[in-house]
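Q: Input structure: my_file-v7.cif, which contains mmCIF, C-alpha atoms.
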```cif
data_start
#
loop_
_atom_site.label_atom_id
_atom_site.label_comp_id
_atom_site.auth_asym_id
_atom_site.auth_seq_id
_atom_site.Cartn_x
_atom_site.Cartn_y
_atom_site.Cartn_z
CA MET V 176 0.00 0.00 0.00
CA LYS V 177 1.23 3.48 -0.79
CA ARG V 178 0.66 4.70 2.76
CA THR V 179 2.73 1.85 4.14
CA MET V 180 5.56 2.66 1.78
CA LEU V 181 5.50 6.27 2.92
CA TYR V 182 5.72 5.25 6.57
CA THR V 183 8.70 3.04 5.86
CA LEU V 184 10.43 5.72 3.78
CA LEU V 185 9.92 8.31 6.49
CA LEU V 186 11.57 6.14 9.10
CA SER V 187 14.40 5.15 6.79
CA VAL V 188 15.26 8.81 6.22
CA THR V 189 14.91 9.53 9.92
CA ALA V 190 17.27 6.69 10.80
CA LEU V 191 19.88 8.16 8.45
CA LEU V 192 19.53 11.60 10.02
CA TRP V 193 19.77 10.24 13.55
CA GLY V 194 22.94 8.38 12.59
CA CYS V 195 24.77 11.52 11.43
CA GLY V 196 26.30 13.31 14.40
CA GLY V 197 27.40 16.87 13.89
CA ASP V 198 30.73 16.52 15.71
CA GLY V 199 31.82 13.23 14.11
CA LYS V 200 31.67 11.39 17.44
CA ASP V 201 29.70 8.22 18.02
CA GLU V 202 27.57 8.76 21.08
CA PRO V 203 25.38 6.02 22.56
CA GLN V 204 21.71 6.62 21.92
CA PRO V 205 19.12 5.93 24.62
CA ALA V 206 16.88 2.93 24.02
CA VAL V 207 13.55 3.82 22.42
CA ASN V 208 10.39 2.58 24.07
CA ILE V 209 7.06 2.22 22.23
CA THR V 210 3.74 1.81 24.01
CA VAL V 211 0.34 1.16 22.44
CA SER V 212 -3.15 1.21 23.92
CA GLN V 213 -3.73 -2.38 22.79
CA ASP V 214 -1.55 -5.01 21.15
CA ASN V 215 -4.27 -7.35 19.95
CA ILE V 216 -7.29 -6.68 17.73
CA ALA V 217 -10.00 -9.35 17.46
CA LEU V 218 -12.77 -8.73 14.94
CA THR V 219 -15.90 -10.49 13.80
CA ALA V 220 -16.38 -11.44 10.14
CA MET V 221 -18.12 -8.08 9.66
CA GLY V 222 -14.83 -6.23 10.24
CA GLY V 223 -14.52 -2.84 11.88
CA THR V 224 -12.37 0.16 12.76
CA THR V 225 -10.03 0.30 15.75
CA VAL V 226 -8.10 3.35 16.98
CA ILE V 227 -4.76 2.65 18.67
CA ASN V 228 -2.96 5.28 20.77
CA VAL V 229 0.79 5.24 20.11
CA THR V 230 3.49 6.79 22.30
CA THR V 231 7.24 6.63 21.75
CA THR V 232 10.31 8.00 23.47
CA GLY V 233 11.83 8.42 20.03
CA LYS V 234 11.49 11.46 17.81
CA GLU V 235 8.84 10.01 15.46
CA TRP V 236 7.20 6.76 14.45
CA GLY V 237 5.59 4.84 11.58
CA ALA V 238 3.64 1.67 10.93
CA TYR V 239 2.94 -0.98 8.32
CA ALA V 240 0.71 -4.05 7.98
CA ASP V 241 1.78 -7.38 6.49
CA GLN V 242 -1.63 -8.20 4.99
CA GLU V 243 -3.55 -6.32 2.29
CA PHE V 244 -6.90 -6.61 4.05
CA ILE V 245 -5.60 -4.30 6.81
CA THR V 246 -5.68 -0.56 6.01
CA LEU V 247 -3.83 1.93 8.22
CA ASP V 248 -4.29 5.67 8.77
CA ALA V 249 -1.75 7.30 11.09
CA LYS V 250 -1.79 10.75 12.66
CA GLY V 251 1.00 12.39 14.65
CA MET V 252 3.87 10.39 13.15
CA THR V 253 6.31 13.28 13.41
CA SER V 254 5.79 13.65 17.16
CA THR V 255 6.20 11.37 20.15
CA SER V 256 2.53 10.40 20.26
CA GLY V 257 -0.35 9.93 17.89
CA THR V 258 -3.10 7.59 16.77
CA LEU V 259 -3.19 4.67 14.38
CA THR V 260 -6.58 3.84 12.86
CA VAL V 261 -6.87 0.22 11.76
CA ILE V 262 -9.59 -0.51 9.19
CA VAL V 263 -10.59 -4.08 8.33
CA PRO V 264 -13.45 -4.76 5.87
CA ALA V 265 -15.89 -7.67 6.06
CA ASN V 266 -14.20 -11.02 5.57
CA PRO V 267 -15.33 -12.59 2.26
CA LEU V 268 -13.54 -15.85 3.10
CA THR V 269 -14.74 -18.91 4.95
CA ASP V 270 -11.34 -19.01 6.68
CA VAL V 271 -10.02 -16.95 9.61
CA ARG V 272 -7.80 -14.04 8.54
CA LYS V 273 -4.72 -13.05 10.51
CA GLY V 274 -2.21 -10.26 10.18
CA THR V 275 0.39 -8.24 12.01
CA ILE V 276 0.90 -4.49 12.33
CA THR V 277 4.41 -3.30 13.14
CA ILE V 278 5.02 0.06 14.86
CA MET V 279 8.51 1.48 14.29
CA SER V 280 10.47 4.19 16.06
CA GLY V 281 14.21 4.33 15.57
CA SER V 282 15.46 0.76 16.00
CA ALA V 283 12.52 -0.21 18.24
CA ARG V 284 9.57 -2.29 17.04
CA LYS V 285 6.18 -3.06 18.55
CA THR V 286 3.74 -5.55 17.04
CA ILE V 287 -0.04 -5.65 17.11
CA THR V 288 -1.83 -8.82 16.04
CA VAL V 289 -5.07 -8.72 14.05
CA THR V 290 -7.45 -11.68 13.93
CA GLN V 291 -10.74 -11.75 12.06
CA GLU V 292 -13.37 -14.46 12.23
CA ALA V 293 -14.35 -16.41 9.11
CA ALA V 294 -17.51 -15.69 7.17
CA GLU V 295 -20.22 -18.31 7.48
CA GLU V 296 -20.59 -18.31 3.70
CA SER V 297 -18.31 -16.97 0.99
CA ALA V 298 -19.35 -13.56 -0.27
CA TYR V 299 -18.44 -14.70 -3.78
CA TYR V 300 -20.17 -17.31 -5.90
CA ALA V 301 -18.34 -20.56 -6.52
CA PRO V 302 -19.45 -24.14 -7.20
CA GLU V 303 -20.24 -26.18 -4.12
CA GLY V 304 -17.17 -27.47 -2.32
CA TYR V 305 -14.85 -24.63 -3.40
CA SER V 306 -13.22 -21.97 -1.21
CA LEU V 307 -11.73 -18.62 -2.24
CA VAL V 308 -7.90 -18.79 -2.18
CA TRP V 309 -6.90 -15.60 -4.02
CA HIS V 310 -8.61 -12.63 -5.61
CA ASP V 311 -8.08 -9.08 -6.77
CA GLU V 312 -11.00 -6.65 -6.71
CA PHE V 313 -8.81 -3.82 -8.06
CA ASP V 314 -10.00 -1.45 -5.35
CA LYS V 315 -6.67 -0.22 -3.97
CA GLY V 316 -4.07 2.16 -5.34
CA SER V 317 -3.59 3.18 -8.98
CA GLU V 318 -1.26 0.40 -10.08
CA LEU V 319 -1.27 -3.37 -9.81
CA ASN V 320 0.20 -4.91 -6.67
CA ALA V 321 3.72 -6.01 -7.60
CA ASP V 322 3.50 -8.93 -5.13
CA ASP V 323 0.69 -10.44 -7.23
CA TRP V 324 1.20 -9.19 -10.76
CA THR V 325 4.00 -9.18 -13.35
CA HIS V 326 4.06 -7.14 -16.57
CA GLU V 327 5.32 -8.57 -19.83
CA VAL V 328 7.72 -6.26 -21.68
CA GLN V 329 8.16 -7.12 -25.36
CA ASN V 330 8.45 -5.33 -28.69
CA SER V 331 5.93 -5.62 -31.50
CA GLY V 332 6.08 -8.85 -33.50
CA TRP V 333 7.03 -10.92 -30.45
CA VAL V 334 4.15 -13.40 -30.95
CA ASN V 335 1.46 -13.91 -33.61
CA HIS V 336 2.80 -10.93 -35.62
CA GLU V 337 0.99 -8.61 -33.20
CA LEU V 338 1.57 -4.87 -33.62
CA GLN V 339 1.61 -3.68 -30.00
CA ASN V 340 4.63 -3.10 -27.79
CA TYR V 341 4.05 -4.44 -24.28
CA VAL V 342 5.35 -2.14 -21.53
CA ASN V 343 5.35 -2.01 -17.73
CA HIS V 344 2.45 0.22 -16.58
CA LYS V 345 3.29 3.21 -18.81
CA THR V 346 4.45 4.19 -22.28
CA PRO V 347 7.76 6.06 -22.74
CA GLY V 348 5.66 9.23 -22.76
CA GLY V 349 4.10 8.41 -19.40
CA LYS V 350 0.62 7.27 -20.48
CA TYR V 351 -0.89 4.33 -18.60
CA VAL V 352 -1.39 1.05 -20.45
CA THR V 353 -2.33 -0.70 -17.20
CA GLU V 354 -4.05 1.25 -14.47
CA VAL V 355 -6.25 0.54 -11.46
CA ARG V 356 -9.05 3.06 -11.41
CA ASP V 357 -12.65 3.18 -10.10
CA GLY V 358 -12.45 -0.42 -8.89
CA HIS V 359 -11.31 -1.81 -12.25
CA LEU V 360 -8.12 -2.93 -13.92
CA ARG V 361 -7.89 -0.97 -17.16
CA ILE V 362 -5.66 -2.27 -19.97
CA THR V 363 -5.39 0.29 -22.76
CA ALA V 364 -3.97 0.02 -26.27
CA LEU V 365 -2.91 3.40 -27.61
CA LYS V 366 -0.69 5.04 -30.20
CA GLU V 367 2.23 7.24 -29.20
CA ASN V 368 4.90 8.63 -31.53
CA GLY V 369 3.96 6.19 -34.27
CA LYS V 370 4.02 3.06 -32.09
CA ILE V 371 1.21 1.03 -30.56
CA TYR V 372 1.53 0.25 -26.84
CA SER V 373 -0.54 -2.04 -24.63
CA GLY V 374 -0.43 -4.24 -21.52
CA ARG V 375 -0.10 -7.95 -20.75
CA VAL V 376 -0.09 -8.96 -17.07
CA TYR V 377 0.41 -12.24 -15.19
CA ALA V 378 -1.11 -13.16 -11.81
CA LYS V 379 1.19 -15.16 -9.50
CA ARG V 380 3.55 -15.94 -12.39
CA THR V 381 5.93 -18.19 -10.42
CA GLN V 382 3.22 -19.89 -8.35
CA GLY V 383 -0.01 -20.28 -10.28
CA TRP V 384 -2.74 -22.73 -9.31
CA LYS V 385 -3.37 -26.39 -10.07
CA TYR V 386 -7.10 -27.01 -10.61
CA GLY V 387 -9.90 -24.79 -9.35
CA TYR V 388 -12.74 -22.50 -10.37
CA ILE V 389 -11.46 -19.20 -11.76
CA GLU V 390 -13.73 -16.31 -12.72
CA ALA V 391 -13.34 -12.75 -13.98
CA SER V 392 -15.80 -10.00 -14.88
CA ILE V 393 -14.62 -8.23 -18.02
CA LYS V 394 -15.77 -5.45 -20.35
CA LEU V 395 -14.30 -5.83 -23.85
CA PRO V 396 -13.22 -2.93 -26.08
CA LYS V 397 -14.67 -2.10 -29.51
CA GLY V 398 -12.82 -1.69 -32.76
CA LYS V 399 -11.26 -3.63 -35.64
CA GLY V 400 -7.80 -4.67 -34.54
CA THR V 401 -8.56 -5.41 -30.87
CA TRP V 402 -7.77 -8.86 -29.48
CA PRO V 403 -8.47 -9.04 -25.71
CA ALA V 404 -7.92 -12.27 -23.79
CA PHE V 405 -8.28 -13.92 -20.38
CA TRP V 406 -6.19 -17.07 -20.40
CA MET V 407 -3.62 -19.28 -18.63
CA MET V 408 -0.12 -20.64 -19.24
CA PRO V 409 1.94 -23.22 -17.30
CA VAL V 410 4.29 -22.03 -14.57
CA ASN V 411 6.94 -24.56 -15.61
CA PHE V 412 6.92 -23.70 -19.30
CA HIS V 413 9.43 -25.28 -21.67
CA SER V 414 7.80 -25.42 -25.10
CA TRP V 415 4.53 -24.66 -26.84
CA PRO V 416 2.13 -26.34 -27.39
CA ALA V 417 3.60 -29.34 -25.54
CA ASP V 418 3.10 -27.76 -22.11
CA GLY V 419 -0.42 -26.60 -22.88
CA GLU V 420 -2.41 -23.37 -23.04
CA ILE V 421 -5.88 -22.66 -21.65
CA ASP V 422 -7.84 -19.82 -23.26
CA ILE V 423 -10.81 -18.98 -21.05
CA MET V 424 -11.99 -16.06 -23.17
CA GLU V 425 -10.80 -14.42 -26.39
CA GLU V 426 -12.50 -12.05 -28.82
CA VAL V 427 -11.48 -10.09 -31.91
CA GLY V 428 -12.92 -6.70 -32.77
CA TYR V 429 -13.84 -7.50 -36.38
CA HIS V 430 -16.20 -10.23 -35.04
CA PRO V 431 -17.81 -8.28 -32.18
CA ASP V 432 -19.47 -9.99 -29.22
CA PHE V 433 -18.46 -13.48 -30.30
CA VAL V 434 -16.30 -14.88 -27.48
CA SER V 435 -14.42 -18.16 -27.62
CA SER V 436 -12.52 -20.65 -25.47
CA SER V 437 -9.74 -22.96 -26.65
CA LEU V 438 -7.34 -25.59 -25.36
CA HIS V 439 -3.95 -26.12 -26.97
CA ALA V 440 -1.64 -29.14 -26.64
CA ASN V 441 0.48 -31.32 -28.92
CA ALA V 442 -2.58 -33.40 -29.77
CA HIS V 443 -4.82 -30.40 -30.46
CA VAL V 444 -3.40 -27.12 -31.75
CA HIS V 445 -4.67 -24.40 -34.08
CA SER V 446 -1.68 -24.64 -36.45
CA ASN V 447 -3.09 -27.85 -37.94
CA GLY V 448 -6.76 -27.22 -37.18
CA THR V 449 -7.06 -29.74 -34.35
CA GLN V 450 -7.43 -27.36 -31.41
CA VAL V 451 -10.29 -27.83 -28.98
CA THR V 452 -12.35 -24.64 -29.31
CA HIS V 453 -15.86 -23.24 -29.07
CA GLU V 454 -17.35 -19.84 -29.85
CA MET V 455 -20.63 -18.30 -28.69
CA TYR V 456 -22.43 -15.01 -29.13
CA CYS V 457 -22.49 -12.85 -25.98
CA LYS V 458 -24.69 -9.81 -26.52
CA GLY V 459 -22.99 -6.68 -25.18
CA ALA V 460 -19.60 -8.32 -24.56
CA GLU V 461 -18.13 -5.18 -26.08
CA GLY V 462 -19.01 -2.33 -23.78
CA GLU V 463 -20.62 -4.26 -20.90
CA PHE V 464 -19.33 -6.44 -18.08
CA HIS V 465 -19.83 -10.21 -18.40
CA THR V 466 -18.41 -13.09 -16.40
CA TYR V 467 -16.01 -15.61 -17.89
CA ALA V 468 -14.96 -18.64 -15.90
CA ILE V 469 -13.30 -22.04 -15.90
CA GLU V 470 -13.80 -25.08 -13.70
CA TRP V 471 -10.67 -27.20 -14.00
CA THR V 472 -10.19 -30.61 -12.40
CA ALA V 473 -7.97 -33.62 -13.05
CA GLN V 474 -10.80 -35.12 -15.13
CA ASN V 475 -12.32 -32.19 -17.02
CA ILE V 476 -12.05 -28.55 -18.12
CA THR V 477 -15.27 -26.58 -18.58
CA THR V 478 -15.45 -22.88 -19.43
CA TYR V 479 -18.45 -20.60 -18.92
CA VAL V 480 -19.89 -17.32 -20.17
CA ASP V 481 -22.30 -15.75 -17.68
CA GLY V 482 -22.80 -19.19 -16.14
CA LYS V 483 -23.54 -20.92 -19.46
CA VAL V 484 -21.24 -23.71 -20.63
CA GLN V 485 -18.95 -22.58 -23.43
CA LEU V 486 -16.55 -25.52 -23.81
CA SER V 487 -16.14 -28.87 -22.03
CA TYR V 488 -13.24 -31.28 -22.51
CA ASP V 489 -12.52 -34.52 -20.65
CA ASN V 490 -9.17 -36.03 -19.75
CA ARG V 491 -9.30 -39.10 -21.99
CA GLY V 492 -6.30 -40.76 -20.37
CA LEU V 493 -4.14 -40.37 -23.50
CA GLY V 494 -1.14 -38.85 -21.70
CA HIS V 495 0.66 -35.53 -21.72
CA ASP V 496 0.23 -34.81 -25.44
CA ASP V 497 -3.54 -34.71 -24.98
CA TRP V 498 -3.73 -33.55 -21.36
CA PRO V 499 -0.84 -31.31 -20.24
CA TYR V 500 -3.25 -29.61 -17.83
CA ASP V 501 -2.06 -31.31 -14.64
CA ASP V 502 0.54 -28.72 -13.59
CA PRO V 503 0.12 -25.22 -12.09
CA PHE V 504 -1.00 -22.54 -14.56
CA TYR V 505 -1.08 -18.78 -14.01
CA VAL V 506 -3.71 -16.23 -15.09
CA ILE V 507 -3.11 -13.73 -17.90
CA PHE V 508 -4.98 -10.64 -19.06
CA ASN V 509 -3.85 -8.84 -22.19
CA LEU V 510 -5.06 -6.60 -24.97
CA ALA V 511 -3.31 -7.34 -28.25
CA TRP V 512 -3.55 -5.18 -31.36
CA GLY V 513 -3.60 -6.74 -34.82
CA GLY V 514 -1.73 -9.97 -35.33
CA ASP V 515 -2.62 -13.22 -37.05
CA TRP V 516 -6.16 -13.29 -35.65
CA GLY V 517 -6.85 -9.79 -34.33
CA GLY V 518 -5.62 -8.25 -37.59
CA ALA V 519 -6.96 -10.89 -39.99
CA GLN V 520 -9.31 -8.29 -41.50
CA GLY V 521 -7.03 -5.32 -40.97
CA VAL V 522 -6.93 -2.74 -38.17
CA ASP V 523 -8.59 0.62 -37.69
CA GLU V 524 -6.26 2.95 -35.80
CA SER V 525 -8.95 5.62 -35.66
CA VAL V 526 -10.56 3.74 -32.73
CA LEU V 527 -7.46 4.10 -30.55
CA PRO V 528 -7.15 4.38 -27.61
CA VAL V 529 -9.26 1.37 -26.61
CA THR V 530 -9.58 -0.16 -23.13
CA MET V 531 -10.31 -3.61 -21.73
CA GLU V 532 -11.66 -3.41 -18.16
CA VAL V 533 -11.57 -6.14 -15.49
CA ASP V 534 -13.85 -5.68 -12.48
CA TYR V 535 -12.42 -8.62 -10.52
CA VAL V 536 -10.62 -11.94 -10.80
CA ARG V 537 -11.16 -14.73 -8.22
CA VAL V 538 -9.57 -18.12 -7.75
CA PHE V 539 -11.35 -20.87 -5.80
CA GLN V 540 -10.07 -24.34 -5.00
CA LYS V 541 -11.64 -27.38 -3.40
CA LYS V 542 -11.43 -27.48 0.39
#
```
Show the structure stored in the file as structure tokens.
A:
Amino acid sequence: MKRTMLYTLLLSVTALLWGCGGDGKDEPQPAVNITVSQDNIALTAMGGTTVINVTTTGKEWGAYADQEFITLDAKGMTSTSGTLTVIVPANPLTDVRKGTITIMSGSARKTITVTQEAAEESAYYAPEGYSLVWHDEFDKGSELNADDWTHEVQNSGWVNHELQNYVNHKTPGGKYVTEVRDGHLRITALKENGKIYSGRVYAKRTQGWKYGYIEASIKLPKGKGTWPAFWMMPVNFHSWPADGEIDIMEEVGYHPDFVSSSLHANAHVHSNGTQVTHEMYCKGAEGEFHTYAIEWTAQNITTYVDGKVQLSYDNRGLGHDDWPYDDPFYVIFNLAWGGDWGGAQGVDESVLPVTMEVDYVRVFQKK
């Protein structure tokens, strides 16, 4: 969180200043003592706000939380006393949430534990037997959380003869290609100084998930040349299509509102027309939010559009060439421009800039 980073930066600078004596002599510094009005916060599943009084014998203080569900608001950090407001929203999980707040002053540290009861039912829809394990509602900050998300950085032509240059957050001129705003992830393709720029982002790139129900709510852009996608690739990738690819949702602007799902592997791949794929019409896919999801088990992969089955494919027991989908895969969102499919009927640069919006992405696994 930005506020947390500011607290840490403030104390880092302060520590440097305290360590610089004016006369060049090293003098012992008195031990700093931190006291708080309570060192344990216990909350119901409904959440709540707690105000902690902080006093230090040091010159100033700061604080940070180790969990994203805890929001902090500090007052009086540049004095020896102040207040720390701890805000915890309702727990959407059917598991207890725990976190730690650390108060810092000089070299001294004081910890406050936060415990929140589990919700009786998940606040988010999932098939019976599944529990939420990770999600992003895109409701904090202006950029993606670097602990969860990785940007691809590649020049045009990298794959599928696509025309966009993928960059990290912003173009060379400072325009956002990926931005968190108004509770949405916005991925924008735009033209700057004769080049097309866009975003491609990976969730939990080095970790991924093996099996589960994964859902996102997405609004697709309009315009010939757009190629938005919500898909997955294997964490331990060596070669394509041998290691598999799972396309939960793709659409191209010259064929508006027709969304498709595909599975790629050695035994079924688009290059020879054997890929497993299905397309359906989704009225308002361009310009309105719709849900796209996958339920993935060891026996079957089924994708959905607004709860309706799009594609279903069984593990036929034919080995890795037919079913490479038994390793962790990570989630991808991207907005391509042109390319073998997106540009099959040309592109219309007059529509730029165009934006793909994601309201949320949620990952559930069986308990």
Q: Do you know which residues the PyMOL selection byres ((chain V and resi 289) around 9) returns on this file, as an mmCIF file with C-alpha atoms, in the coordinates of the input?
A:
```cif
data_model
loop_
_atom_site.group_PDB
_atom_site.id
_atom_site.type_symbol
_atom_site.label_atom_id
_atom_site.label_comp_id
_atom_site.auth_asym_id
_atom_site.auth_seq_id
_atom_site.Cartn_x
_atom_site.Cartn_y
_atom_site.Cartn_z
ATOM 1 C CA ASP V 214 -1.550 -5.010 21.150
ATOM 2 C CA ASN V 215 -4.270 -7.350 19.950
ATOM 3 C CA ILE V 216 -7.290 -6.680 17.730
ATOM 4 C CA ALA V 217 -10.000 -9.350 17.460
ATOM 5 C CA LEU V 218 -12.770 -8.730 14.940
ATOM 6 C CA ILE V 245 -5.600 -4.300 6.810
ATOM 7 C CA ARG V 272 -7.800 -14.040 8.540
ATOM 8 C CA LYS V 273 -4.720 -13.050 10.510
ATOM 9 C CA GLY V 274 -2.210 -10.260 10.180
ATOM 10 C CA THR V 275 0.390 -8.240 12.010
ATOM 11 C CA ILE V 276 0.900 -4.490 12.330
ATOM 12 C CA ILE V 287 -0.040 -5.650 17.110
ATOM 13 C CA THR V 288 -1.830 -8.820 16.040
ATOM 14 C CA THR V 290 -7.450 -11.680 13.930
ATOM 15 C CA GLN V 291 -10.740 -11.750 12.060
#
```
Q: Residues at most 9 Å from Ala460 (chain V), counting only C-alpha atoms, excluding those fewer than 2 positions away in the same chain, as a list in words?
A: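 So, after excluding close chain neighbours, the residues are Ile393, Lys394, Leu395, Pro396, Pro431, Asp432, Phe433, Val434, Tyr456, Cys457, Lys458, Gly462, Glu463, Phe464 and His465 of chain V.
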Q: So what does the PyMOL selection byres ((chain V and resi 498-504) around 7) actually pick up in this one, as an MDAnalysis selection string?
A: chainID V and resid 383:385 407:410 418:419 440 473 490 494:497 505:506
Q: Which residue gives the smallest distance to Thr381 (chain V) among V:Pro347, V:Gly521, V:Asp322, V:Met424, with only C-alpha atoms counted?
A: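 Of all the options, V:Asp322 lies closest to Thr381 (chain V).
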Q: Nearest to Tyr351 (chain V) among V:Asn335, V:Thr452, V:Gln213, V:Thr363, with distances taken over all atoms listed in the file: which residue is it?
A: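 Going through V:Asn335, V:Thr452, V:Gln213, V:Thr363 one by one, the smallest distance to Tyr351 (chain V) is for V:Thr363.
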Q: Can you pull out every residue within 12 Å of Ile507 (chain V), counting all atoms listed in the file, but drop anything in the same chain fewer than 2 positions away, and send it as an mmCIF file with C-alpha atoms, in the frame of the given file?
A:
```cif
data_model
loop_
_atom_site.group_PDB
_atom_site.id
_atom_site.type_symbol
_atom_site.label_atom_id
_atom_site.label_comp_id
_atom_site.auth_asym_id
_atom_site.auth_seq_id
_atom_site.Cartn_x
_atom_site.Cartn_y
_atom_site.Cartn_z
ATOM 1 C CA ASP V 323 0.690 -10.440 -7.230
ATOM 2 C CA TRP V 324 1.200 -9.190 -10.760
ATOM 3 C CA THR V 325 4.000 -9.180 -13.350
ATOM 4 C CA HIS V 326 4.060 -7.140 -16.570
ATOM 5 C CA GLU V 327 5.320 -8.570 -19.830
ATOM 6 C CA ILE V 362 -5.660 -2.270 -19.970
ATOM 7 C CA GLY V 374 -0.430 -4.240 -21.520
ATOM 8 C CA ARG V 375 -0.100 -7.950 -20.750
ATOM 9 C CA VAL V 376 -0.090 -8.960 -17.070
ATOM 10 C CA TYR V 377 0.410 -12.240 -15.190
ATOM 11 C CA ALA V 378 -1.110 -13.160 -11.810
ATOM 12 C CA LYS V 379 1.190 -15.160 -9.500
ATOM 13 C CA ARG V 380 3.550 -15.940 -12.390
ATOM 14 C CA GLY V 383 -0.010 -20.280 -10.280
ATOM 15 C CA ILE V 389 -11.460 -19.200 -11.760
ATOM 16 C CA ALA V 391 -13.340 -12.750 -13.980
ATOM 17 C CA PRO V 403 -8.470 -9.040 -25.710
ATOM 18 C CA ALA V 404 -7.920 -12.270 -23.790
ATOM 19 C CA PHE V 405 -8.280 -13.920 -20.380
ATOM 20 C CA TRP V 406 -6.190 -17.070 -20.400
ATOM 21 C CA MET V 407 -3.620 -19.280 -18.630
ATOM 22 C CA MET V 408 -0.120 -20.640 -19.240
ATOM 23 C CA PRO V 409 1.940 -23.220 -17.300
ATOM 24 C CA VAL V 410 4.290 -22.030 -14.570
ATOM 25 C CA GLU V 420 -2.410 -23.370 -23.040
ATOM 26 C CA ILE V 421 -5.880 -22.660 -21.650
ATOM 27 C CA ASP V 422 -7.840 -19.820 -23.260
ATOM 28 C CA ILE V 423 -10.810 -18.980 -21.050
ATOM 29 C CA MET V 424 -11.990 -16.060 -23.170
ATOM 30 C CA GLU V 425 -10.800 -14.420 -26.390
ATOM 31 C CA PHE V 504 -1.000 -22.540 -14.560
ATOM 32 C CA TYR V 505 -1.080 -18.780 -14.010
ATOM 33 C CA ASN V 509 -3.850 -8.840 -22.190
ATOM 34 C CA LEU V 510 -5.060 -6.600 -24.970
ATOM 35 C CA VAL V 533 -11.570 -6.140 -15.490
ATOM 36 C CA VAL V 536 -10.620 -11.940 -10.800
#
```
Q: Determine, counting all atoms listed in the file, every residue of protein, DNA or RNA that lies within 9 Å of (4.3, 11.4, 22.0) in the file coordinates, then give the result as a PyMOL selection string.
A: chain V and resi 229-235+251-252+254-257
Q: Convert the output of the PyMOL selection byres ((chain V and resi 246) around 6) on the shown file into explicit residues, formatted as a PyMOL selection string.
A: chain V and resi 245+247+261-262
Q: With distances taken over only C-alpha atoms, which residue among V:Lys541, V:Lys345, V:Lys350, V:His413 lies nearest Gly304 (chain V)?
A: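 The answer is V:Lys541, which sits nearest to Gly304 (chain V).
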Q: Can you measure CA of Gly223 (chain V) to CA of Pro264 (chain V) for me? One decimal in Å is fine.
A: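 So the two atoms, CA of Gly223 (chain V) and CA of Pro264 (chain V), lie 6.4 Å apart.
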Q: Which distance in Å separates CA of Tyr239 (chain V) and CA of Asp270 (chain V), to one decimal?
A: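 Calculated distance between CA of Tyr239 (chain V) and CA of Asp270 (chain V) is 23.1 Å.
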Q: Taking all atoms listed in the file into account, name the residue in V:Asn320, V:Gly517, V:Asp357, V:Ala468 that is nearest to Pro302 (chain V).
A: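 Of all the options, V:Ala468 lies closest to Pro302 (chain V).
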Q: Skip Ala294 (chain V) itself and residues of its chain fewer than 2 positions away, then list as a list in words all residues within 8 Å of it, counting all atoms listed in the file.
A: Ala220, Asn266, Pro267, Leu268, Thr269, Asp270, Val271, Glu292, Glu296, Ser297 and Ala298 of chain V
Q: Could you please determine the separation between CA of Gly459 (chain V) and CA of Gly482 (chain V) in Å, to one decimal place?
A: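 Between these atoms lies a distance of 15.4 Å.
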Q: Quick one: residues within 8 Å of Glu318 (chain V), only C-alpha atoms counted, chain neighbours fewer than 6 positions away excluded, as a count of residues only?
A: 4
Q: Considering all atoms listed in the file, state which residue in the set V:Gly448, V:Gly369, V:Gly222, V:Gly237 is at the smallest distance from Leu338 (chain V).
A: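 For Leu338 (chain V), the nearest of the candidates is V:Gly369.
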